[in-house]
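Report on the structure given below.
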Amino acid sequence: MAVQSVGVVGAGQMGNGIAHVFAVAGFDVLLNDISQESLDKAVSLIDRNIERQVSRGKLTPEEKTAAMRRIRTTLKLADLGACDLVIESATEREAVKQAIFEDLLPHLKPETILSSNTSSISITRLASRTDRPEKFMGFHFMNPVPVMQLVELIRGIATDEETYRTLCEVVERLGKTSASSEDFPAFIVNRILMPMINEAVYTLYEGVGNVKSIDESMKLGANHPMGPLELADFIGLDTCLAIMNVLHEGLADTKYRPCPLLTKYVEAGWLGRKAGRGFYDYRGETPVPTR
Ligand code: NAD
């Protein structure tokens with residue numbers, strides 16, 4: 001099936017990036033949110049981010065104009081009914097996602113592929129509550145979407161081969177690379193990344209190293225572009241904790257237990273960059289380690 005029109009539900013951090021990359025790749029995009037303010041913010045952010053690509057010589061001004069013209073917004077979910085592919089990227093709460101699918105289903109064409117950008121909710125379970133589990137997939141983008149090369153494709157137990165192949169082609173048209181993951185907690189990237197971050201927090205908690213020595217060790221000793229604590233601040237410590245809880249509960253293995261110090265930072269509201277403070281304090285000119 002050839003996908004041309006794409007509906008994106010949720011115009012937040014991820015939804016605007018998804019709309020951006022699809023529009024630049026030549027797809028028609030219809031972006032939906034419950035808040036007009038989110039839609040307006042998303043469109044102006046996309047405009048700014050594409051403009052940055054123009055100033056770096058990655059896109060021409062004409063390509064930018066064409067991409068921006070391909071993006072339309074709507075507050076009415078039903079308007080997405082005619083899209084070939086719908087990507088749900090709303091708030092990470094199962095009840096929110098389920099309500100979106102329930103409202104959307106009566107309006108969808110039978111051949112429309114339905115997907116979710118969820119980081120942690122079971123694709124099989126989300127799919128089972130729709131009328132098309134065979135045409136339902138996990139479509140997991142990385143943050144920030146325009147920058148990151150990888151997209152994880154997650155097949156639920158019922159997803160058919162045609163749906164999977166169609167989304168592989170879509171990823172190629174985006175100029176990105178897909179990795180196929182089975183539908184188990186946190187998929188591949190977060191399954192490996194989050195326990196490493198959690199172990200870095202344990203290393204701090206047990207006093208083996210301080211923030212600076214842990215981050216420097218992994219940058220200079222393992223060639224990581226960012227230290228694990230710096231990366232945790234970038235992702236958001238609440239998100240890191242939520243994913244560790246998903247692994248801990250979903251796999252019932254104590255090796256995934258979240259570090260009490262990570263929980264403590266979240267309790268303090270020190271959630272990382274977005275809160276101005278996490279393992280580093282970002283309120284001054286340069287980030288200062290908090291431990
Ligand atoms: P966000 O909070 O930035 O945005 C969520 C948006 O969804 C908001 O604009 C909100 O108004 C909107 N929304 C809420 N209910 C809605 C509804 N019923 N209909 C339409 N829109 C609705 O969140 P985000 O970081 O963009 O995350 C979105 C999804 O992407 C989540 O499933 C998350 O797990 C996943 N994800 C996030 C990241 C990340 O690093 N942030 C990475 C990969 C995947």
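Ordering of the structure tokens sets the chain letters (A, B, ...); residue numbers start at 1 within each chain; ligands are numbered from 1 in the order shown.
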
Mind dumping a table of every chain A residue within 6 Å of ligand 1, with the nearest atom pair and its distance in Å to one decimal, using only C-alpha atoms and all ligand atoms, sorted by chain and rising number, as CSV?
```
residue,atom,partner,partner_atom_place_in_ligand_line,distance
A:Val9,CA,ligand 1,20 (C),5.1
A:Gly10,CA,ligand 1,7 (O),3.7
A:Ala11,CA,ligand 1,9 (O),4.5
A:Gly12,CA,ligand 1,4 (O),3.2
A:Gln13,CA,ligand 1,26 (O),3.8
A:Met14,CA,ligand 1,26 (O),3.6
A:Gly15,CA,ligand 1,26 (O),5.4
A:Asn32,CA,ligand 1,20 (C),5.8
A:Asp33,CA,ligand 1,21 (N),3.7
A:Ile34,CA,ligand 1,20 (C),4.7
A:Ser35,CA,ligand 1,11 (O),5.5
A:Ser38,CA,ligand 1,9 (O),5.2
A:Ser89,CA,ligand 1,29 (C),4.1
A:Ala90,CA,ligand 1,7 (O),3.5
A:Thr91,CA,ligand 1,5 (C),4.2
A:Glu92,CA,ligand 1,32 (O),4.1
A:Val96,CA,ligand 1,18 (N),5.7
A:Ile100,CA,ligand 1,18 (N),5.5
A:Asn117,CA,ligand 1,30 (O),5.0
A:Thr118,CA,ligand 1,32 (O),3.6
A:Ser119,CA,ligand 1,34 (O),4.1
A:His140,CA,ligand 1,44 (C),5.8
A:Phe141,CA,ligand 1,43 (C),5.2
A:Met142,CA,ligand 1,43 (C),4.9
A:Asn143,CA,ligand 1,40 (O),4.7
A:Ile235,CA,ligand 1,40 (O),5.9
```

Skipping near chain neighbours, those fewer than 6 positions away, what residues fall within 9 Å of segment 263-279 of chain A using only C-alpha atoms, listed as a VMD selection string?
-> chain A and resid 211 229 to 230 232 to 239 241 287 to 291

Give me a file of those residues, with C-alpha atoms, as an mmCIF file, in the first residue's frame.
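Wrote again.cif, looks like this:
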```
data_model
loop_
_atom_site.group_PDB
_atom_site.id
_atom_site.type_symbol
_atom_site.label_atom_id
_atom_site.label_comp_id
_atom_site.auth_asym_id
_atom_site.auth_seq_id
_atom_site.Cartn_x
_atom_site.Cartn_y
_atom_site.Cartn_z
ATOM 1 C CA VAL A 211 28.562 13.317 38.693
ATOM 2 C CA LEU A 229 23.816 11.513 33.871
ATOM 3 C CA GLU A 230 23.920 14.375 31.382
ATOM 4 C CA ALA A 232 19.381 11.375 31.831
ATOM 5 C CA ASP A 233 18.880 15.116 32.445
ATOM 6 C CA PHE A 234 18.267 15.610 28.729
ATOM 7 C CA ILE A 235 15.667 12.821 28.547
ATOM 8 C CA GLY A 236 13.973 13.855 31.820
ATOM 9 C CA LEU A 237 14.453 11.982 35.093
ATOM 10 C CA ASP A 238 10.705 11.340 35.419
ATOM 11 C CA THR A 239 10.750 9.641 32.012
ATOM 12 C CA LEU A 241 12.086 6.479 36.214
ATOM 13 C CA PRO A 287 25.748 23.406 34.140
ATOM 14 C CA VAL A 288 27.064 22.661 37.651
ATOM 15 C CA PRO A 289 27.002 19.094 39.060
ATOM 16 C CA THR A 290 24.590 18.725 41.987
ATOM 17 C CA ARG A 291 26.717 15.958 43.585
#
```

Would you please work out which residue, of A:Val24, A:Leu31, A:Leu174, A:Ile214, is nearest to Glu63 of chain A when using only C-alpha atoms?
->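 The answer is A:Val24, which sits nearest to Glu63 of chain A.
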
What are the DSSP helix (DSSP H, G or I) residues of segment 81-275 of chain A, as a PyMOL selection string?
-> chain A and resi 81-82+94-107+123-128+133-135+161-173+189-205+211-222+228-235+237-251+254-256+260-267+273-275

Which neighbours of Leu126 of chain A fall inside 9 Å, counting only C-alpha atoms, when residues of the same chain fewer than 3 positions from it are skipped, and could you give them as a PyMOL selection string?
-> chain A and resi 94+97-98+101+116+121-123+129-130+133+136+156

Identify, on the basis of only C-alpha atoms, every residue whose closest approach to Ile157 of chain A does not exceed 10 Å; exclude the query and any residue fewer than 3 positions from it along the same chain; express the result as a ChimeraX atom specification.
-> /A:123-125,127-128,133-134,136-137,154,160,182-183

For the selection you just gave me, I'd like the residues written to a file as a PDB file, in the first residue's frame, keeping C-alpha atoms.
```pdb
ATOM      1  CA  ILE A 123       1.441  -2.656  21.248  1.00  0.00           C
ATOM      2  CA  THR A 124      -0.414  -5.974  21.332  1.00  0.00           C
ATOM      3  CA  ARG A 125      -2.753  -4.707  24.048  1.00  0.00           C
ATOM      4  CA  ALA A 127      -4.022  -3.230  19.022  1.00  0.00           C
ATOM      5  CA  SER A 128      -6.400  -5.762  20.574  1.00  0.00           C
ATOM      6  CA  PRO A 133      -4.926  -5.510  15.160  1.00  0.00           C
ATOM      7  CA  GLU A 134      -3.330  -6.814  11.958  1.00  0.00           C
ATOM      8  CA  PHE A 136      -1.630  -1.867  13.970  1.00  0.00           C
ATOM      9  CA  MET A 137       2.040  -1.301  14.799  1.00  0.00           C
ATOM     10  CA  ILE A 154       7.326  -2.944  16.762  1.00  0.00           C
ATOM     11  CA  ASP A 160       0.581  -8.659   9.404  1.00  0.00           C
ATOM     12  CA  GLU A 182       9.444  -7.556  19.300  1.00  0.00           C
ATOM     13  CA  ASP A 183       6.719  -6.181  21.549  1.00  0.00           C
TER      14      ASP A 183
END
```

Test item, strand (DSSP E or B) assignment across segment 94-215 of chain A, answer as a list in words | Ile113, Leu114, Ser115, Ser116, Phe136, Met137, Gly138, Phe139, His140, Phe141, Leu150, Val151, Glu152, Leu153, Ile154, Arg155, Thr177, Ser178, Ala179, Ser180, Ser181 and Glu182 of chain A

Between A:Met226, A:Leu39, A:Leu167, A:Leu77, single out the one closest to Ser115 of chain A, counting only C-alpha atoms.
-> A:Leu167

Using only C-alpha atoms, tabulate the residues of segment 124-241 of chain A lying at most 12 Å from any atom of segment 81-84 of chain A, each with its closest atom pair and that distance in Å to one decimal, by chain and increasing residue number, as JSON lines.
```
{"residue": "A:Lys135", "atom": "CA", "partner": "A:Asp84", "partner_atom": "CA", "distance": 11.3}
{"residue": "A:Thr163", "atom": "CA", "partner": "A:Asp84", "partner_atom": "CA", "distance": 11.5}
{"residue": "A:Thr166", "atom": "CA", "partner": "A:Asp84", "partner_atom": "CA", "distance": 10.8}
{"residue": "A:Leu167", "atom": "CA", "partner": "A:Asp84", "partner_atom": "CA", "distance": 11.3}
{"residue": "A:Val170", "atom": "CA", "partner": "A:Asp84", "partner_atom": "CA", "distance": 11.4}
```

Can you work out the spacing between atom CA of Val151 of chain A and atom CA of Ile188 of chain A in Å, to one decimal?
-> 10.8 Å
